[in-house]
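Data block for run.cif (mmCIF, C-alpha atoms):
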data_protein
#
loop_
_atom_site.label_atom_id
_atom_site.label_comp_id
_atom_site.auth_asym_id
_atom_site.auth_seq_id
_atom_site.Cartn_x
_atom_site.Cartn_y
_atom_site.Cartn_z
CA MET A 268 0.84 -19.59 3.08
CA ARG A 269 1.61 -18.68 6.67
CA LEU A 270 5.21 -19.91 6.42
CA GLU A 271 5.71 -18.17 3.10
CA THR A 272 4.37 -14.88 4.46
CA GLU A 273 6.55 -15.11 7.56
CA ALA A 274 9.61 -15.64 5.35
CA GLN A 275 8.75 -12.54 3.32
CA ILE A 276 8.38 -10.46 6.47
CA ARG A 277 11.73 -11.66 7.83
CA SER A 278 13.47 -10.79 4.57
CA GLY A 279 12.63 -7.13 5.16
CA LYS A 280 12.39 -6.38 1.43
CA SER A 281 8.87 -5.04 1.63
CA GLN A 282 5.88 -5.09 3.94
CA TYR A 283 3.50 -5.45 1.01
CA ARG A 284 2.54 -8.40 -1.16
CA ASN A 285 4.14 -8.93 -4.55
CA PRO A 286 1.03 -7.90 -6.59
CA CYS A 287 1.22 -4.50 -4.92
CA GLU A 288 4.91 -4.03 -5.62
CA ASP A 289 4.48 -5.21 -9.21
CA LEU A 290 2.23 -2.18 -9.79
CA MET A 291 3.87 0.38 -7.54
CA LYS A 292 7.34 0.09 -9.05
CA PRO A 293 6.48 0.89 -12.69
CA TRP A 294 3.89 3.48 -11.68
CA THR A 295 6.44 5.25 -9.47
CA GLN A 296 8.81 5.52 -12.42
CA LYS A 297 6.01 6.72 -14.68
CA ALA A 298 4.95 9.40 -12.19
CA VAL A 299 8.27 11.21 -12.63
CA GLY A 300 7.17 12.52 -16.03
CA HIS A 301 3.82 13.88 -14.80
CA SER A 302 3.26 17.53 -14.00
CA VAL A 303 0.99 18.38 -11.05
CA THR A 304 -1.02 21.51 -10.35
CA GLY A 305 -2.64 22.05 -6.96
CA VAL A 306 -6.23 23.18 -7.39
CA ASP A 307 -7.40 22.98 -3.78
CA ARG A 308 -4.76 21.82 -1.35
CA ARG A 309 -7.10 22.05 1.62
CA GLN A 310 -9.50 19.64 -0.06
CA GLY A 311 -6.67 17.52 -1.47
CA ILE A 312 -7.59 18.09 -5.12
CA TYR A 313 -4.84 18.04 -7.73
CA VAL A 314 -4.73 18.13 -11.51
CA VAL A 315 -2.16 15.86 -13.16
CA GLN A 316 -0.97 16.33 -16.73
CA THR A 317 0.65 13.36 -18.48
CA PRO A 318 3.35 13.92 -21.13
CA PRO A 319 2.76 13.03 -24.80
CA ASN A 320 3.91 9.66 -26.06
CA ASN A 321 5.77 10.07 -29.34
CA PHE A 322 5.62 6.35 -30.11
CA ASN A 323 1.85 5.83 -30.20
CA MET A 324 0.74 9.50 -30.35
CA MET A 325 -1.10 9.09 -27.04
CA GLY A 326 -0.74 10.77 -23.68
CA SER A 327 -1.20 14.48 -22.91
CA ASN A 328 -4.13 13.59 -20.67
CA THR A 329 -5.47 15.73 -17.84
CA LEU A 330 -6.65 13.85 -14.77
CA THR A 331 -8.01 14.87 -11.40
CA VAL A 332 -6.88 13.33 -8.11
CA ASN A 333 -8.83 13.79 -4.90
CA PHE A 334 -7.36 12.56 -1.62
CA ASP A 335 -9.24 11.46 1.47
CA ASP A 336 -6.31 11.64 3.85
CA GLN A 337 -8.33 10.73 6.92
CA ASN A 338 -9.43 7.40 5.43
CA ARG A 339 -6.22 6.93 3.44
CA SER A 340 -8.19 6.66 0.22
CA GLY A 341 -9.47 8.83 -2.60
CA PHE A 342 -10.08 8.65 -6.31
CA CYS A 343 -8.48 9.40 -9.64
CA THR A 344 -10.41 9.97 -12.85
CA CYS A 345 -8.41 7.17 -14.51
CA GLY A 346 -10.20 4.70 -12.22
CA LYS A 347 -7.13 2.61 -11.36
CA PHE A 348 -6.77 4.02 -7.85
CA GLN A 349 -10.30 3.01 -6.87
CA GLY A 350 -10.22 -0.30 -8.70
CA ASN A 351 -6.88 -1.62 -7.43
CA LYS A 352 -6.83 0.14 -4.05
CA ILE A 353 -3.27 1.07 -4.98
CA PRO A 354 -2.04 4.56 -5.94
CA CYS A 355 -1.77 4.91 -9.70
CA SER A 356 0.97 6.97 -11.34
CA HIS A 357 -1.17 10.11 -11.15
CA VAL A 358 -1.79 9.67 -7.43
CA ILE A 359 1.90 8.98 -6.86
CA ALA A 360 2.78 12.18 -8.71
CA ALA A 361 0.37 14.13 -6.51
CA CYS A 362 1.84 12.49 -3.40
CA ASN A 363 5.31 13.57 -4.49
CA ARG A 364 3.99 17.10 -4.87
CA MET A 365 2.53 17.00 -1.34
CA GLY A 366 5.63 15.36 0.11
CA VAL A 367 3.60 12.32 1.25
CA ASN A 368 4.65 8.70 1.00
CA PRO A 369 2.30 7.14 -1.62
CA TYR A 370 2.32 3.84 0.29
CA ARG A 371 0.13 5.59 2.82
CA PHE A 372 -2.76 5.14 0.39
CA VAL A 373 -2.16 1.45 -0.29
CA ASN A 374 -5.04 -0.58 1.11
CA ASP A 375 -4.27 -2.79 4.10
CA ILE A 376 -5.33 -5.90 2.17
CA TYR A 377 -1.92 -5.80 0.46
CA LYS A 378 0.05 -5.81 3.72
CA LEU A 379 1.88 -8.99 4.64
CA GLU A 380 0.65 -8.57 8.20
CA THR A 381 -2.94 -8.80 6.96
CA VAL A 382 -2.17 -12.00 5.07
CA LEU A 383 -0.41 -13.44 8.10
CA ALA A 384 -3.42 -12.64 10.29
CA CYS A 385 -5.67 -14.62 7.92
CA TYR A 386 -3.50 -17.73 8.29
CA GLY A 387 -2.26 -17.08 11.82
CA THR A 388 -4.69 -19.46 13.52
CA SER A 389 -3.98 -23.17 13.32
CA PHE A 390 -6.79 -25.53 12.43
CA THR A 391 -7.25 -29.27 12.33
CA PRO A 392 -8.33 -30.91 9.08
CA LEU A 393 -11.65 -32.79 9.05
CA ASP A 394 -11.71 -36.50 9.73
CA GLU A 395 -13.07 -39.09 7.35
CA PRO A 396 -16.88 -38.95 6.89
CA LYS A 397 -17.26 -42.22 8.74
CA GLY A 398 -15.92 -40.52 11.85
CA TRP A 399 -18.37 -37.61 11.73
CA LYS A 400 -20.96 -37.35 14.48
CA ASN A 401 -24.59 -37.96 13.66
CA HIS A 402 -26.66 -34.87 13.07
CA ASN A 403 -29.70 -34.70 15.32
CA GLY A 404 -31.02 -31.33 14.16
CA SER A 405 -33.46 -30.36 11.44
CA THR A 406 -33.13 -31.79 7.96
CA LEU A 407 -33.19 -29.34 5.06
CA HIS A 408 -34.97 -30.27 1.85
CA PRO A 409 -34.79 -28.38 -1.45
CA ASN A 410 -37.87 -26.57 -2.73
CA VAL A 411 -39.08 -28.71 -5.63
CA HIS A 412 -40.77 -25.68 -7.21
CA MET A 413 -37.43 -23.88 -7.43
CA ILE A 414 -35.57 -26.71 -9.14
CA ARG A 415 -34.78 -25.85 -12.73
CA LYS A 416 -36.54 -28.06 -15.23
CA SER A 417 -34.84 -29.66 -18.20
CA GLY A 418 -34.79 -27.84 -21.50
CA ARG A 419 -34.31 -24.22 -22.41
CA PRO A 420 -35.77 -21.82 -19.84
CA GLN A 421 -38.57 -19.56 -21.01
CA THR A 422 -37.47 -15.98 -21.50
CA THR A 423 -39.17 -13.16 -19.66
CA ARG A 424 -37.73 -10.41 -21.85
CA ILE A 425 -40.22 -7.99 -23.37
CA HIS A 426 -40.34 -8.59 -27.12
CA ASN A 427 -40.12 -5.76 -29.63
CA GLU A 428 -40.17 -5.39 -33.41
CA MET A 429 -36.86 -7.25 -33.71
CA ASP A 430 -38.63 -10.39 -32.51
CA TRP A 431 -41.56 -10.21 -34.92
CA PRO A 432 -41.71 -12.89 -37.65
CA ARG A 433 -40.16 -11.66 -40.88
CA GLU A 434 -43.35 -12.24 -42.85
CA GLU A 435 -45.24 -9.90 -40.52
CA VAL A 436 -42.99 -6.89 -41.19
CA GLY A 437 -44.73 -4.85 -43.86
CA GLY A 438 -46.58 -7.90 -45.14
CA HIS A 439 -43.48 -9.43 -46.76
CA ASP A 440 -39.92 -10.42 -46.07
CA ALA A 441 -36.64 -10.77 -47.93
CA SER A 442 -37.76 -14.04 -49.51
CA THR A 443 -40.81 -12.45 -51.15
CA SER A 444 -39.61 -8.90 -51.83
CA ASP A 445 -38.26 -7.94 -55.25
CA GLY A 446 -34.47 -7.87 -55.38
CA GLY A 447 -34.10 -9.70 -52.09
CA ALA A 448 -30.87 -11.53 -51.38
CA SER A 449 -32.77 -14.74 -50.81
CA GLY A 450 -35.40 -14.33 -53.52
CA SER A 451 -37.40 -17.07 -55.15
CA GLY A 452 -36.17 -19.22 -57.99
CA ASN A 453 -38.07 -17.12 -60.53
CA GLN A 454 -36.25 -14.01 -59.35
CA ARG A 455 -32.71 -15.38 -59.23
CA ARG A 456 -32.29 -18.50 -61.26
CA GLY A 457 -35.40 -19.15 -63.34
CA SER A 458 -35.41 -15.88 -65.26
CA GLY A 459 -31.64 -15.76 -65.62
CA ARG A 460 -31.58 -11.93 -65.33
CA ARG A 461 -29.08 -10.05 -63.21
CA ALA A 462 -28.79 -6.45 -62.10
CA GLY A 463 -26.18 -5.39 -64.69
CA GLY A 464 -28.25 -6.53 -67.65
CA GLY A 465 -26.23 -9.68 -68.15
CA ILE A 466 -27.83 -12.99 -68.95
CA ARG A 467 -26.60 -16.33 -67.68
CA GLY A 468 -27.00 -19.12 -70.14
CA SER A 469 -28.09 -22.64 -69.40
CA SER A 470 -24.47 -23.80 -69.20
CA GLY A 471 -23.69 -21.20 -66.55
CA ASN A 472 -21.46 -19.07 -68.87
CA ARG A 473 -21.93 -15.35 -68.68
CA ARG A 474 -22.73 -13.49 -71.89
CA GLY A 475 -24.02 -10.18 -72.92
CA TRP A 476 -22.27 -8.14 -70.22
CA TRP A 477 -21.88 -4.43 -70.96
#

What is this file in structure tokens?
Amino acid sequence: MRLETEAQIRSGKSQYRNPCEDLMKPWTQKAVGHSVTGVDRRQGIYVVQTPPNNFNMMGSNTLTVNFDDQNRSGFCTCGKFQGNKIPCSHVIAACNRMGVNPYRFVNDIYKLETVLACYGTSFTPLDEPKGWKNHNGSTLHPNVHMIRKSGRPQTTRIHNEMDWPREEVGGHDASTSDGGASGSGNQRRGSGRRAGGGIRGSSGNRRGWW
């Protein structure tokens, strides 16, 4: 990872990781079609209007962007700016309106320098277990009372009427109520009667339907 990151830095194509560029490029193109209205420039609040999409009848959304220039962060009501730590198309449109480079608000975790710093220190792999030194400190033992027992764990959820037995609801359930879907044999098969007045014969043929 260190060698790969160093090669990307030497190429000079970008100082940010590929996942960042994969989002910034399409969002930058999309931001061109947005219209921006400055509500409070001193507070860094902007309203962004997206154009309608004639293909799926979507779009025409109004979103609010609020910049925190001091901390190089902020939020957008679409949620993508906060979630990805990368300016969404609405934030990029507002940056274009302010004349600010939108990459200013890209989080440092996407910088190649940050990745290189994580892998910049060399380390030696561990030896085989037989070469490990003996441990002379305290020995940790698991709490036997915290070990999960076999079988299905007992639920601690508070039960409500949905958990009551069916026979306790109103003194009867679907198997004993008249017209139930799972009625007794006398209700469905023994009597041979159906809702439309038809009668099913012993051979299973329908007759008398009207």

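Our summary of the geometry notes that CA of Gly346 in chain A is positioned 16.8 Å from CA of Cys362 in chain A.
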
For this session: Please provide the set of residues having any atom within 12 Å of Ser356 in chain A, restricted to only C-alpha atoms, with same-chain residues fewer than 3 positions apart removed, written as a PyMOL selection string.
Result: chain A and resi 290-303+315-317+330-332+343-348+353+359-363+369

For this session: Please measure the separation of CA of Asn338 in chain A and CA of Gly311 in chain A, giving the value in Å to one decimal.
Result: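 Straight-line distance from CA of Asn338 in chain A to CA of Gly311 in chain A works out to 12.6 Å.
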
For this session: Name the closest residue to Gln349 in chain A among the candidates A:Gln337, A:Asn374, A:Asn401, A:Thr329; distances are taken between atoms, counting all atoms listed in the file.
Result: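 So, comparing all the options, the nearest one is A:Asn374.
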
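Between CA of Leu379 in chain A and CA of Gln275 in chain A there is a distance of 7.8 Å.
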